[in-house]
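Coordinates from final.tsv are shown below (TSV, C-alpha atoms).
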chain	number	residue	atom	x	y	z
Q	1	MET	CA	66.08	-61.88	-35.95
Q	2	TRP	CA	65.24	-58.60	-34.20
Q	3	LYS	CA	64.13	-57.11	-37.51
Q	4	SER	CA	61.67	-59.94	-38.13
Q	5	LEU	CA	60.36	-59.75	-34.53
Q	6	ILE	CA	59.83	-55.98	-34.86
Q	7	ALA	CA	58.20	-56.47	-38.27
Q	8	SER	CA	55.86	-59.15	-36.82
Q	9	SER	CA	54.95	-56.89	-33.87
Q	10	LEU	CA	54.30	-54.00	-36.23
Q	11	LEU	CA	52.13	-56.19	-38.46
Q	12	ILE	CA	50.07	-57.45	-35.50
Q	13	THR	CA	49.65	-53.90	-34.13
Q	14	THR	CA	48.55	-52.63	-37.55
Q	15	ALA	CA	46.07	-55.50	-37.88
Q	16	ASN	CA	44.60	-54.78	-34.42
Q	17	VAL	CA	44.22	-51.07	-35.17
Q	18	THR	CA	42.58	-51.88	-38.51
Q	19	LEU	CA	40.14	-54.30	-36.84
Q	20	PHE	CA	39.35	-51.75	-34.15
Q	21	LEU	CA	38.67	-49.01	-36.71
Q	22	SER	CA	36.50	-51.39	-38.75
Q	23	GLU	CA	34.49	-52.19	-35.62
Q	24	VAL	CA	34.02	-48.46	-34.89
Q	25	ASP	CA	32.88	-47.88	-38.51
Q	26	ALA	CA	30.42	-50.79	-38.26
Q	27	GLN	CA	28.98	-49.45	-35.00
Q	28	THR	CA	28.67	-45.94	-36.41
Q	29	GLU	CA	26.95	-47.27	-39.53
Q	30	THR	CA	24.52	-49.30	-37.41
Q	31	ASN	CA	23.78	-46.31	-35.17
Q	32	ASN	CA	23.11	-44.07	-38.15
Q	33	ASN	CA	21.06	-46.69	-39.98
Q	34	PRO	CA	18.47	-48.06	-37.54
Q	35	PRO	CA	16.76	-50.73	-39.75
Q	36	ALA	CA	17.64	-54.34	-39.08
Q	37	GLN	CA	20.73	-55.80	-40.71
Q	38	THR	CA	18.40	-57.83	-42.93
Q	39	TYR	CA	16.72	-54.65	-44.30
Q	40	GLN	CA	16.53	-54.63	-48.09
Q	41	PRO	CA	14.92	-51.53	-49.66
Q	42	GLY	CA	12.02	-52.16	-52.00
Q	43	PHE	CA	8.25	-52.33	-52.35
Q	44	TRP	CA	8.12	-55.19	-49.83
Q	45	GLN	CA	9.00	-52.77	-46.99
Q	46	PRO	CA	6.06	-51.02	-45.29
Q	47	VAL	CA	5.86	-47.27	-45.90
Q	48	ALA	CA	4.28	-46.70	-42.46
Q	49	ARG	CA	2.61	-48.51	-39.56
Q	50	VAL	CA	-0.49	-47.97	-37.44
Q	51	ASP	CA	-1.28	-49.23	-33.96
Q	52	THR	CA	-3.80	-52.06	-34.38
Q	53	GLU	CA	-4.74	-51.80	-30.68
Q	54	LYS	CA	-6.31	-48.35	-31.30
Q	55	PRO	CA	-9.14	-47.28	-33.64
Q	56	ILE	CA	-7.83	-46.69	-37.19
Q	57	SER	CA	-9.17	-44.09	-39.63
Q	58	LEU	CA	-8.18	-43.46	-43.24
Q	59	ASN	CA	-8.32	-39.99	-44.77
Q	60	ILE	CA	-8.02	-39.99	-48.58
Q	61	ILE	CA	-6.85	-36.59	-49.82
Q	62	ASN	CA	-7.37	-35.94	-53.53
Q	63	GLN	CA	-4.70	-33.52	-54.80
Q	64	THR	CA	-4.93	-34.68	-58.43
Q	65	GLY	CA	-7.26	-32.02	-59.82
Q	66	ILE	CA	-9.42	-34.81	-61.33
Q	67	PHE	CA	-12.22	-37.10	-60.15
Q	68	LEU	CA	-11.00	-40.32	-58.55
Q	69	ASP	CA	-12.74	-43.63	-57.97
Q	70	TYR	CA	-11.90	-45.79	-54.97
Q	71	SER	CA	-13.11	-49.12	-53.67
Q	72	PHE	CA	-12.16	-51.82	-51.18
Q	73	THR	CA	-11.50	-55.08	-53.00
Q	74	ASN	CA	-13.08	-57.30	-50.34
Q	75	GLU	CA	-16.44	-55.54	-50.44
Q	76	ASN	CA	-18.87	-54.50	-53.13
Q	77	LEU	CA	-16.65	-53.33	-55.99
Q	78	THR	CA	-18.92	-50.41	-56.83
Q	79	PRO	CA	-16.51	-47.46	-56.67
Q	80	THR	CA	-17.04	-44.31	-54.67
Q	81	VAL	CA	-16.24	-41.06	-56.47
Q	82	LEU	CA	-13.93	-38.52	-54.85
Q	83	ARG	CA	-14.15	-35.03	-56.30
Q	84	PRO	CA	-11.03	-33.00	-57.17
Q	85	ASP	CA	-9.43	-31.33	-54.14
Q	86	ASP	CA	-11.80	-33.15	-51.77
Q	87	ASN	CA	-11.21	-35.60	-48.91
Q	88	ALA	CA	-12.96	-38.79	-47.84
Q	89	THR	CA	-12.65	-40.23	-44.33
Q	90	ILE	CA	-13.21	-43.89	-43.58
Q	91	ARG	CA	-13.50	-44.59	-39.88
Q	92	SER	CA	-13.05	-47.75	-37.83
Q	93	LEU	CA	-10.87	-49.74	-40.21
Q	94	ASN	CA	-10.40	-53.26	-38.91
Q	95	PRO	CA	-7.37	-55.00	-40.45
Q	96	GLU	CA	-8.15	-58.51	-39.08
Q	97	SER	CA	-7.44	-59.61	-42.63
Q	98	SER	CA	-5.56	-57.56	-45.17
Q	99	ILE	CA	-7.37	-54.50	-46.47
Q	100	TYR	CA	-6.82	-53.53	-50.10
Q	101	LEU	CA	-8.08	-50.20	-51.40
Q	102	VAL	CA	-7.75	-49.37	-55.10
Q	103	ILE	CA	-7.75	-45.73	-56.20
Q	104	TYR	CA	-7.70	-44.73	-59.85
Q	105	PRO	CA	-8.77	-41.89	-62.16
Q	106	ASP	CA	-12.50	-41.87	-62.84
Q	107	LEU	CA	-13.21	-43.59	-66.16
Q	108	ASN	CA	-14.99	-40.45	-67.43
Q	109	THR	CA	-11.70	-38.53	-67.15
Q	110	PRO	CA	-10.00	-38.14	-70.57
Q	111	ASN	CA	-6.91	-40.39	-70.83
Q	112	ALA	CA	-7.68	-41.91	-67.40
Q	113	SER	CA	-5.82	-45.13	-68.20
Q	114	ARG	CA	-2.66	-43.17	-69.00
Q	115	MET	CA	-2.59	-41.14	-65.79
Q	116	ASN	CA	-0.09	-42.11	-63.11
Q	117	LEU	CA	-1.04	-41.60	-59.49
Q	118	LYS	CA	1.32	-41.35	-56.54
Q	119	TYR	CA	0.25	-42.08	-52.96
Q	120	SER	CA	1.93	-40.52	-49.95
Q	121	VAL	CA	1.21	-41.84	-46.47
Q	122	GLU	CA	1.51	-40.20	-43.08
Q	123	VAL	CA	0.15	-41.63	-39.83
Q	124	SER	CA	-0.88	-39.12	-37.16
Q	125	GLU	CA	-0.53	-39.58	-33.40
Q	126	ASP	CA	-4.32	-40.20	-33.37
Q	127	ASN	CA	-3.81	-43.27	-35.59
Q	128	VAL	CA	-5.28	-41.54	-38.65
Q	129	ILE	CA	-3.74	-42.59	-41.95
Q	130	ASN	CA	-3.51	-39.57	-44.28
Q	131	LEU	CA	-3.30	-40.95	-47.82
Q	132	THR	CA	-2.54	-38.11	-50.25
Q	133	VAL	CA	-3.07	-38.87	-53.94
Q	134	SER	CA	-1.35	-36.78	-56.63
Q	135	VAL	CA	-0.61	-37.10	-60.36
Q	136	ILE	CA	2.96	-37.79	-61.50
Q	137	GLU	CA	4.65	-38.27	-64.87
Q	138	GLU	CA	6.76	-41.36	-64.11
Q	139	ILE	CA	4.80	-44.56	-64.67
Q	140	SER	CA	7.34	-46.67	-62.76
Q	141	ARG	CA	6.74	-44.71	-59.54
Q	142	GLY	CA	2.94	-44.78	-59.69
Q	143	ASN	CA	0.51	-46.47	-57.31
Q	144	ARG	CA	-2.96	-47.96	-57.66
Q	145	THR	CA	-3.37	-49.97	-54.43
Q	146	PHE	CA	-3.18	-49.18	-50.71
Q	147	ASN	CA	-2.73	-52.23	-48.45
Q	148	LEU	CA	-3.16	-52.38	-44.66
Q	149	GLN	CA	-1.93	-55.63	-43.10
Q	150	PRO	CA	-3.23	-57.19	-39.84
Q	151	THR	CA	0.12	-56.24	-38.24
Q	152	GLY	CA	-0.52	-52.54	-38.94
Q	153	ALA	CA	2.02	-52.41	-41.76
Q	154	ILE	CA	1.02	-50.22	-44.72
Q	155	PHE	CA	2.15	-51.05	-48.26
Q	156	LEU	CA	1.65	-49.20	-51.56
Q	157	TYR	CA	1.54	-50.94	-54.94

Could you spell out this file's structure in structure tokens?
Amino acid sequence: MWKSLIASSLLITTANVTLFLSEVDAQTETNNNPPAQTYQPGFWQPVARVDTEKPISLNIINQTGIFLDYSFTNENLTPTVLRPDDNATIRSLNPESSIYLVIYPDLNTPNASRMNLKYSVEVSEDNVINLTVSVIEEISRGNRTFNLQPTGAIFLY
């Protein structure tokens, strides 16, 4: 009888310690991983955010070594050309509705349709979006569209 009582007490103590350690691990994981518990990595997560209460500017930085064409899809679709190693600044963006900007190699560039571009986004303290465009080899990691949502969320496709 005493043996079974001691065994039961030992089992309960072990279970409590295990639960406590699991709780500590869960808290540590949460503290080291700040996204919400519902966070699922993927293209549907914004890469950055801007403050929609402040003026927003977009700086396109061409690091491809080739001519690029860019255009907003909700305006005149006539593209603007961006020279190699040049920048273009668009001031006073207003994301009341979603803004889509397509950037692609200029059609006069040899093998333009086969080139893969990669966008990198950084938002400065002044609410300037620095969109750096470079050439990469991997087609699956390429981008062609920059999207700014009314919430200030920035997505790349």

From the set Q:Asn74, Q:Thr132, Q:Ser92, Q:Ser140, which residue has the shortest atom-to-atom contact distance to Ile56 (chain Q), counting only C-alpha atoms?
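Looking only at the distances to Ile56 (chain Q), the closest residue turns out to be Q:Ser92.
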
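CA of Leu131 (chain Q) is found 16.3 Å from CA of Asp51 (chain Q).
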
Taking all atoms listed in the file into account, which of Q:Asn130, Q:Ser98, Q:Asn108, Q:Thr89 comes nearest Asp69 (chain Q)?
Q:Asn108

Of the listed residues Q:Val102, Q:Val123, Q:Val128, Q:Leu82, that which approaches Asn143 (chain Q) most closely, counting only C-alpha atoms
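Under the stated criterion, the closest residue is Q:Val102.
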
Which of these residues is nearest to Asn59 (chain Q), using all atoms listed in the file: Q:Asn116, Q:Ser124, Q:Asn147, Q:Thr109?
Q:Ser124

So that I can check the surroundings of Thr52 (chain Q), please list as a VMD selection string every protein, DNA and RNA residue that reaches within 7 Å of it, counting only C-alpha atoms and ignoring chain neighbours fewer than 2 positions away.
chain Q and resid 50 54 151 to 152

Can you tell me, as a ChimeraX atom specification, what residues are no more than 7 Å from Asn62 (chain Q) when counting all atoms listed in the file, ignoring any on the same chain fewer than 3 positions away?
/Q:84-87,132-134

Using all atoms listed in the file - which residues lie no farther than 9 Å from the point (-6.2, -55.5, -43.2) in the file's frame? Write them as a list in words.
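Final list of nearby residues, as requested, is Leu93, Asn94, Pro95, Glu96, Ser97, Ser98, Ile99, Tyr100, Asn147, Leu148, Gln149, Pro150, Thr151, Gly152 and Ala153 of chain Q.
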
Atomic distance CA of Glu125 (chain Q) - CA of Tyr104 (chain Q), expressed in Å with one decimal
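Computed distance, CA of Glu125 (chain Q) to CA of Tyr104 (chain Q), equals 27.9 Å.
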
Rounded to one decimal place, report the CA of Pro105 (chain Q)-CA of Ala48 (chain Q) distance in Å.
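CA of Ala48 (chain Q) lies 24.1 Å from CA of Pro105 (chain Q).
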
Give the answer as one residue: which of Q:Val81, Q:Ile136, Q:Ile154, Q:Asn76 has the shortest atom-to-atom distance to Val121 (chain Q), using only C-alpha atoms?
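Result for the nearest residue to Val121 (chain Q): Q:Ile154.
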
Residues within 8 Å of Leu156 (chain Q), please, as a ChimeraX atom specification. Count only C-alpha atoms; anything in the same chain fewer than 4 positions from it doesn't count.
/Q:43,46-47,119,143-147

Looking at Q:Arg91, Q:Arg83, Q:Phe155, Q:Leu101, which one is nearest to Gln63 (chain Q), with distances taken over all atoms listed in the file?
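With all atoms listed in the file as the atom set, the closest residue is Q:Arg83.
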
For region 77-92 of chain Q, what centre and edge lengths in Å (one decimal) does the axis-aligned box get once 3 Å is added on each side of all its listed atoms, as JSON?
{"center_x": -14.2, "center_y": -42.3, "center_z": -47.5, "size_x": 15.5, "size_y": 28.0, "size_z": 25.3}

Determine, counting only C-alpha atoms, which protein, DNA and RNA residues have an atom within 12 Å of an atom of Asp106 (chain Q); residues of the same chain fewer than 5 positions away are not included. Present the result as a list in words.
Thr64, Gly65, Ile66, Phe67, Leu68, Asp69, Tyr70, Ser71, Pro79, Thr80, Val81, Leu82, Arg83, Pro84, Asn111, Ala112, Ser113, Arg114, Met115 and Leu117 of chain Q
